[in-house]
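Below you'll find the structure, written out as C-alpha cells, and then a few comments.
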Amino acid sequence: MIHSWKTYLAAASLALGGALLPAHAAETVKVGVLHSLSGTMAISETSLRDVLLFTFDEINAKGGVLGKKIEAVVVDGASDWPLFAEKAKQLLEQDKVAATFGCWTSVSRKSVLPVFEKNNGLLFYPVQYEGEELSKNIFYTAEAVNQQATPGVDYLLKDLGKKKFYLLGSDYVYPRTTNLVLKEYLASKGVPAANIKEKYTPFGHTDYQQIVSEIKQFAASGDAAVVSTLNGDTNVPFFREYANAGLKAEDVPVISFSVSEDEFRGLPTKDLVGQLGAWSYFQSVESPANTAFKKAFFAWLEKTSVPGIEKKGRVTNSPMVLSYVGVYLWKAAVEKAGSFDVAKVTAALESGVSFNGPGGKVTFQKNHHLTKNVYVGETLPNGQFKILKSFEQVYGEPFLKGTFGKK
Amino acid sequence: MRRCLPLFLLLLAGVTGLTGANGVPPGRAALVAALLAEPDAQPAALRALVGVEDEAILPVLTAWKQGEVFLYTGADGVRIPFRLDTAPDDQGRFAALAVADGRRLLDAEGRPLSLEATALKPIDTDGAIRRAMRDVTELAALVAPDVATRVAAADRLGQGLKPEHRPLLEKRLQVESSPAVRRALHVALALFDLASGEPARQLAAAAVLEEKDSLAGATQLKTLIDQAASQPNTVDSAVVARAKSAVYSIETHYQVVNFVGTLFRGLSLGSVLLIMALGLAITFGLMGVINMSHGELMVVGAYATYLVQDLFILWFGKSGTAFSWYFVAALPAAFLGAAAMGLILERCVIRFLYRRPLESLLATWGVSLILQQLFRLTFGAANVQILSPDFLMGSVTIRDVTLAYNRIFVIGFAIAVVVALVLLLTRTSLGLTIRAVTQNRTMAACMGVRTDRVNMLTFAFGSGLAGLAGACLTQLGNVGPGLGQTHIVDNFMVVVSGGVGNLFGTVLAALGIGAFDQVLQPWLGAVMGKVVVLIAIILFLQWKPGGLFPSRSRNLD
C-alpha cells in the first residue's frame with residue numbers, strides 16, 4: 001500500500017511537472033519540494049507543499065526567475081527519515097534541481113544534510129528548530145530558539161510576572177535542546193533551579209493525567225506557567241486533560257512553540273482560549289503584504305486543480321510563510337547573482353538579500369539564518385492568534401548553548 | 001455559556017421592572033461603558049465594576065471573554081453592545097439583544113434586528129482586559145451561587161495578597177455556610193496573616209494552614225523558612241519552627257493525596273486499556289484470529305462518533321443540551337459501524353484464513369493500511385475536532401484529589417461493558433454457541449451449531465466492541481487516521497499478558513498495566529516509565545509464556 005501510494009504521488013508529480021512544462025523545455029528551472037505527503041507528518045507538511053506550489057505559480061505568472069519558469073519536482077518523504085535522504089539524492093542527482101524547499105522534523109533535516117553537502121545542493125528549511133547546526137548548503141528560514149522560545153519566555157517573565165516554569169516537551173531533539181537553552185536563559189534571569197521542572201513524554205502519548213496533576217500542584221502558588229514543546233498530536237489529550245482539571249489560561253498559561261493556526265484545525269479550540277504561542281508570523285498580522293498574500297493564496301486554493309489539495313477551512317501559519325519567503329529570497333539571490341549556480345547563489349544569499357514578507361521584513365544573515373519579526377499571541381475561540389507583543393527584527397542566532405551565563 | 005442567557009434575561013426583566021423604564025442599573029451602565037471604551041482604557045473601565053453588586057456582571061463578562069458580545073452601530077452613529085439570542089429563528093439568524101437592558105435592537109427602519117452569527121466580529125479581549133475582568137469576576141465570584149466558583153475565588157484572592165481584598169474575605173466568612181468555601185476563606189486569610197510579619201498572627205496562620213493542608217500555604221511557609229535562613233533576624237524563631245512542622249504535615253498529606261490520585265489514574269488508564277482490549281480479547285483471544293486491523297476498527301468507531309456529532313450540530317447547533325446527547329447516540333452508531341466493517345472483513349478475508357494465523361496476520365495488516373488510506377482520503381490527513389459533551393467536561397475534587405468526569409465515565413463504561421460481555425457469554429444462547437465454537441469447532445459443528453455463522457457474528461461483535469473503544473477514545477485524545485496505529489500495540493500487550501482466550505485475565509492485565517504505568521510515571525517520567533513497563537511485560541512473559549491465565553483451549557494448539 002505504501003508503495004502504491006508513492007507511485008500515485010510520483011505520477012501526480014509527473015503530471016504536475018507536465019502541466020507546468022511550457023512549450024520550450026529549456027526555459028524552465030527545476031526546483032525540488034521535499035515534504036512528507038503521507039504518514040504521521042503529512043498533517044503538517046502537506047500545507048507546505050501547497051504553499052510552495054502556490055508560490056511557484058505566483059512567480060511564474062510574473063515571468064519566472066531570470067526569465068525561466070519554475071518547474072516543481074514534488075517528492076514524498078513519507079515521514080520516513082532514511083527515505084528523505086533517498087529522495088534528496090534523487091532530486092539532486094537525477095532531477096538536478098537548482099534548489100530544494102523542504103523538511104519539517106529536525107531528524108529529516110539531519111538525514112538529508114550529508115546528501116546536500118556531498119552533492120553541493122541548496123536546501124531551504126522553514127520550520128522552527130533547536131539550532132546548534134550550520135551547514136553551508138542549508139539556509140534556515142526557520143525560527144531559531146532566540147526567535148521563538150526566549151522571546152516567549154521573556155513575555156512570561158516580564159509581562160505576566162511568572163516565577164515558576166514547567167517545561168513540558170515531546171521526547172526528541174528539538175524540545176530537549178530548546179529546554180536546555182531555556183534553562184540556561186532562565187538561570188541567567190535569576191530563576192532558581194527549584195522553580196523549573198522539566199518533563200518529557202513519548203511521541204503519540206495519550207495519557208496526561210499524571211503530568212496535569214503535577215502541574216496543578218506545581219502551580220498552586222499561583223505564579224507558574226507551562227512552556228510546552230509538545231508536538232502536533234499529543235496536544236489534544238494534554239489540553240483536554242488540562243481544561244478538565246480546572247486549570248485556566250489566566251492562572252497558569254501554557255505557551256506552546258509547536259502549535260500554530262494549522263494545528264488548531266484538529267484541536268478543540270475552546271479548551272485553548274487564552275493560551276499563548278510565539279511565532280514569527282500569525283495569520284492575524286495586519287500588513288498590506290500579509291493581506292495580499294492571504295488573498296492570493298486562498299484564491300489559488302479555490303481554482304487549483306492539483307490533486308489531493310484540501311480546499312476547505314484552510315489557514316496560513318508561520319512554516320507556510322517561511323516557505324513562501326524562502327522561495328522569494330532564493331529568487332532575489334538568483335537574480336542578484338545572475339545565475340542558478342549554487343556557489344554564486346549562496347554568496348548572494350550570504351551578502352544579505354531581503355524580502356518584505358507577510359510577517360514583516362526578512363533578511364538573510366551571513367550565518368544562513370534570517371533576521372525577522374517575532375510575535376507573541378494568544379489563542380482566540382476561532383483558532384486564530386491575537387497578537388500581544390511583537391519584537392522587531394530579531395537577529396537569528398543558532399548557537400545559544402552556554403552563551404547566557406557569560407554576560 | 002448561552003445557557004445562562006435565559007436566566008440573565010429573566011434577571012434583567014426583574015431589575016428593569018424595579019428601576020423603571022429609563023433607569024439602567026449601575027452595574028450594567030458601567031459594563032456598557034467598559035465595552036464601548038477604547039481597548040487601552042477597557043481594563044480601567046472594568047475595574048470600576050469592582051465591588052458593584054449586580055448579577056448581570058458575571059454572565060456578560062463571561063460572554064465577552066468567549067467572544068459572544070458584539071457591537072451594533074445604529075444609523076445615528078450610536079454604538080450599542082449586544083449579545084445574540086440563544087436559539088436561531090427559522091432562517092438561522094439570531095435576534096440581537098442589547099447588553100444594557102436586554103431589549104431587542106431595531107434596525108434603521110424600526111424592524112427587529114436579526115443577524116447571522118458567522119458574519120459578526122466580537123468585541124476583542126486581550127490579556128490585560130481579561131486580568132481586569134478576573135479582578136472583577138473574582139470578587140463577583142465570591143458571592144456566586146456555585147460553591148466551586150466561590151472556592152476558586154477565595155483561593156485566588158489569597159494568592160493575590162492585595163490588602164484591599166482582606167476585608168471582603170472577612171465579610172464573606174461571616175455569612176458563608178459552605179464548609180469548602182469556609183476552608184478556602186480561612187486559608188486565604190491565613191496567607192494574609194503569614195505575610196503580615198507579626199509573629200503572633202504568623203503562628204496562628206501556620207496552624208490554620210497546617211490544619212487545612214494548604215499547598216499554596218506550604219509554598220509560602222517555605223518562602224518564610226528560606227527568608228529566615230538568609231536573613232536570620234527578620235523572622236521569629238518560634239514561627240520558623242512552627243512553619244517547619246506545618247510544611248512537614250502538609251507534605252505528608254499530599255503524599256497520601258498523590259497516592260490515592262495515582263490509584264485513580266491507574267484505574268482510569270487501566271479502564272481505557274481494557275475497553276480497547278476487550279474487542280481483541282474476543283477476536284484474538286477467543287477466536288484466535290490475529291487481526292492487525294483491529295486498531296482501524298476502533299478508528300471506524302471514532303469517525304462514526306465524529307459523524308454523529310456533525311449531524312447533531314447540523315440539527316441542534318453547537319450549544320444547548322440536545323447537542324450534549326450526541327455522545328449517547330454515537331455509542332450505538334460506533335458499535336454498529338465497526339461491527340458492520342468487521343462483518344465485511346470476516347466475510348471477505350478472515351473466514352478463508354481461520355486455520356492459517358500467519359497469513360491472517362499479513363492479510364489483516366494489508367487491510368489496516370488500506371483502511372488508513374481510506375480514512376485519509378475521506379476525512380483528510382488532519383485530525384478532526386470532537387467536542388466533549390458538557391457532562392464529560394470538568395472535574396470534581398474530593399479531599400484534594402481531582403477526579404475528571406471523563407475519566408470517571410471511562411471507568412464506569414469499562415465496568416458496564418465487561419458486565420454486559422460476561423452476561424452475554426454466560427447467559428445467552430449466542431454466548432453458549434460462541435463458547436462452544438471457540439472451544440471445539442468440529443464438535444460444535446457435529447452438534448448442529450452453524451459454526452460459520454457463529455464465527456461471523458462473534459467477529460462482528462468483537463469489532464463492535466472495538467468501535468465502542470474508538471468512541472470512548474474521542475473523549476480523551478485526538479481522532480485521526482493514525483489513531484489505530486497508536487493503540488494496537490497496547491491492545492495486543494494487554495491480551496497477551498492476560499492470557500490469550502481468558503477475559504478475566506484481560507481485565508486484570510489491563511488494570512495491572514495501567515496502575516503500574518501510573519505508579520512509575522512520577523518517579524521515572526513518562527518515557528522511562530513506558531520502557532520499564534514494556535521490559536516488565538517481556539520478563540513476565542518469559543516467566544509465564546501463557547500470560548496470567550494460560551488458556552487450555554484446543555483450537556489454540
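In the C-alpha cells, the first chain shown is A, the next is B, and so on; residue numbers restart at 1 for each chain, and ligands run from 1 in the order shown.
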
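For chain B, the residues no farther than 6 Å from chain A when using only C-alpha atoms are B:Ala216, B:Ala381, B:Ala382, B:Asn383, B:Val384, B:Gln385, B:Met393, B:Gly394, B:Ser395, B:Leu476, B:Gly477, B:Asn478, B:Ala526, B:Val527.
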
key: Which of range 82-149 of chain B DSSP labels alpha helix (DSSP H), written as a ChimeraX atom specification   = /B:127-141,147-149

Would you export the selected residues with C-alpha atoms as a tab-separated table (two decimals), in the first residue's frame, please?
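The resulting file, again.tsv, is shown below:
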chain	number	residue	atom	x	y	z
B	127	GLY	CA	-4.51	39.56	28.49
B	128	ALA	CA	-4.77	42.93	30.27
B	129	ILE	CA	-8.51	43.13	29.75
B	130	ARG	CA	-9.00	39.58	30.91
B	131	ARG	CA	-6.91	40.17	34.02
B	132	ALA	CA	-9.10	43.18	34.81
B	133	MET	CA	-12.14	41.01	34.15
B	134	ARG	CA	-10.69	38.48	36.54
B	135	ASP	CA	-10.33	41.11	39.26
B	136	VAL	CA	-13.98	41.93	38.83
B	137	THR	CA	-15.23	38.39	38.44
B	138	GLU	CA	-13.17	37.13	41.38
B	139	LEU	CA	-14.96	39.45	43.72
B	140	ALA	CA	-18.25	38.81	41.99
B	141	ALA	CA	-17.43	35.10	42.15
B	147	VAL	CA	-19.66	26.56	45.57
B	148	ALA	CA	-16.72	25.66	43.32
B	149	THR	CA	-16.68	29.20	41.91

task = Find the residues around range 328-333 of chain A up to 8 Å (only C-alpha atoms counted), leave out those fewer than 6 positions away in its own chain, and share them as a PyMOL selection string.
result = chain A and resi 65+345-346+348-349+353-355

query = Can you list, as number ranges by chain, every protein, DNA or RNA residue that comes within 9 Å of range 479-482 of chain B when you count only C-alpha atoms, leaving out same-chain residues fewer than 3 positions away?
reply = A: 39-40, 266; B: 295-296, 299, 302-303, 306, 371-376, 379-386, 470, 473-474, 485-486

Suppose we keep N, CA and C atoms; can you now write the selection as a short mmCIF file (atom, residue, chain, number, x, y, z; two decimals), in the first residue's frame?
data_model
loop_
_atom_site.label_atom_id
_atom_site.label_comp_id
_atom_site.auth_asym_id
_atom_site.auth_seq_id
_atom_site.Cartn_x
_atom_site.Cartn_y
_atom_site.Cartn_z
N GLY A 39 1.93 9.42 5.88
CA GLY A 39 2.49 9.12 7.20
C GLY A 39 2.12 10.17 8.23
N THR A 40 2.73 10.05 9.43
CA THR A 40 2.30 10.91 10.54
C THR A 40 2.52 12.40 10.31
N GLY A 266 -7.31 20.74 14.11
CA GLY A 266 -7.67 19.46 14.72
C GLY A 266 -7.74 19.51 16.24
N GLY B 295 -7.06 -1.99 15.27
CA GLY B 295 -6.96 -0.56 15.57
C GLY B 295 -7.82 0.26 14.63
N GLU B 296 -7.87 -0.15 13.36
CA GLU B 296 -8.64 0.62 12.38
C GLU B 296 -10.14 0.47 12.64
N VAL B 299 -10.89 3.06 14.89
CA VAL B 299 -10.99 4.35 14.18
C VAL B 299 -12.36 4.48 13.54
N ALA B 302 -14.52 5.78 16.09
CA ALA B 302 -14.21 7.19 16.39
C ALA B 302 -14.81 8.10 15.31
N TYR B 303 -14.64 7.70 14.05
CA TYR B 303 -15.20 8.55 12.98
C TYR B 303 -16.72 8.50 12.97
N TYR B 306 -17.69 11.04 15.27
CA TYR B 306 -17.49 12.35 14.64
C TYR B 306 -18.68 12.68 13.74
N LEU B 371 -7.38 0.60 4.98
CA LEU B 371 -8.36 1.37 5.73
C LEU B 371 -7.80 2.74 6.12
N GLN B 372 -6.53 2.76 6.58
CA GLN B 372 -5.92 4.03 6.97
C GLN B 372 -5.97 5.03 5.83
N GLN B 373 -5.61 4.54 4.63
CA GLN B 373 -5.59 5.45 3.49
C GLN B 373 -7.01 5.88 3.14
N LEU B 374 -7.95 4.94 3.33
CA LEU B 374 -9.36 5.27 3.07
C LEU B 374 -9.81 6.41 3.99
N PHE B 375 -9.44 6.31 5.28
CA PHE B 375 -9.80 7.38 6.22
C PHE B 375 -9.18 8.70 5.77
N ARG B 376 -7.93 8.60 5.36
CA ARG B 376 -7.20 9.81 4.97
C ARG B 376 -7.89 10.48 3.78
N PHE B 379 -11.66 11.63 5.23
CA PHE B 379 -11.76 12.65 6.28
C PHE B 379 -10.58 13.61 6.30
N GLY B 380 -9.61 13.39 5.41
CA GLY B 380 -8.43 14.25 5.40
C GLY B 380 -7.36 13.73 6.33
N ALA B 381 -6.11 14.13 6.06
CA ALA B 381 -4.99 13.63 6.86
C ALA B 381 -4.99 14.24 8.25
N ALA B 382 -5.57 15.44 8.38
CA ALA B 382 -5.54 16.12 9.68
C ALA B 382 -6.52 15.48 10.65
N ASN B 383 -6.28 15.68 11.94
CA ASN B 383 -7.22 15.21 12.95
C ASN B 383 -8.53 15.96 12.81
N VAL B 384 -9.61 15.34 13.22
CA VAL B 384 -10.88 16.04 13.22
C VAL B 384 -11.20 16.49 14.63
N GLN B 385 -11.99 17.57 14.72
CA GLN B 385 -12.32 18.13 16.05
C GLN B 385 -13.53 17.42 16.62
N ILE B 386 -13.41 16.95 17.83
CA ILE B 386 -14.58 16.39 18.50
C ILE B 386 -14.78 17.14 19.81
N GLY B 470 -13.29 3.04 20.29
CA GLY B 470 -12.98 4.22 19.47
C GLY B 470 -13.81 5.42 19.92
N LEU B 473 -12.42 6.78 23.07
CA LEU B 473 -11.15 7.49 22.90
C LEU B 473 -11.36 8.91 22.39
N THR B 474 -12.47 9.16 21.68
CA THR B 474 -12.69 10.53 21.17
C THR B 474 -12.77 11.52 22.32
N GLN B 485 -3.13 2.92 14.89
CA GLN B 485 -1.73 2.50 14.99
C GLN B 485 -1.16 2.81 16.37
N THR B 486 -1.63 3.94 16.95
CA THR B 486 -1.11 4.34 18.25
C THR B 486 -1.44 3.31 19.32
#

Neighbouring residues of range 283-296 of chain A were defined as those with any atom within 7 Å, considering only C-alpha atoms; residues of the same chain fewer than 5 positions away were excluded. Please report them as a short mmCIF file (atom, residue, chain, number, x, y, z; two decimals) with C-alpha atoms, in the first residue's frame.
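Writing the result to part.cif gives the following:
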data_model
loop_
_atom_site.label_atom_id
_atom_site.label_comp_id
_atom_site.auth_asym_id
_atom_site.auth_seq_id
_atom_site.Cartn_x
_atom_site.Cartn_y
_atom_site.Cartn_z
CA THR A 316 -1.88 30.19 6.95
CA ASN A 317 0.85 29.78 9.55
CA GLY A 357 7.16 39.12 3.58
CA PRO A 358 3.73 38.65 5.16
CA GLY A 359 5.26 38.59 8.67
CA GLN A 384 -6.53 32.46 15.41
CA PHE A 385 -3.98 34.33 17.47
CA LYS A 386 -4.39 37.80 18.86
#

Distance query Leu358 in chain B at most 12 Å, only C-alpha atoms, self and fewer than 6 positions along chain excluded, as a PDB file with C-alpha atoms, in the first residue's frame:
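selection-v7.pdb, written as the output of this step:
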ATOM      1  CA  GLY B 288      -7.546 -16.955  17.597  1.00  0.00           C
ATOM      2  CA  VAL B 289      -7.540 -14.502  14.692  1.00  0.00           C
ATOM      3  CA  ILE B 290      -4.529 -12.189  14.722  1.00  0.00           C
ATOM      4  CA  ASN B 291      -6.311  -9.108  13.475  1.00  0.00           C
ATOM      5  CA  MET B 292      -3.817  -6.328  12.771  1.00  0.00           C
ATOM      6  CA  ILE B 350     -10.731 -13.703   7.516  1.00  0.00           C
ATOM      7  CA  THR B 364      -5.206  -8.004   8.041  1.00  0.00           C
ATOM      8  CA  TRP B 365      -2.107  -5.811   8.149  1.00  0.00           C
TER       9      TRP B 365
END

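One finds CA of Phe84 in chain A at 8.4 Å from CA of Arg109 in chain A.
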
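Distances here use only C-alpha atoms; by that measure, the residue among A:Val327, A:Ile138, A:Ala193, A:Ala149 closest to Lys163 in chain A is A:Ala193.
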
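Put simply, CA of Trp315 in chain B is 24.6 Å away from CA of Pro122 in chain B.
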
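Take the candidates B:Arg453, B:Ala29, B:Ala281, B:Ala152 and check each one against Val495 in chain B using only C-alpha atoms; the shortest distance goes to B:Ala281.
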
query = Quick one: residues within 7 Å of Ala205 in chain B, only C-alpha atoms counted, chain neighbours fewer than 6 positions away excluded, as a ChimeraX atom specification?
reply = /B:190-191,193-194

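Shortest separation to Thr100 in chain A among A:Tyr395, A:Phe124, A:Phe56, A:Phe116 occurs at residue A:Phe124, atoms counted being only C-alpha atoms.
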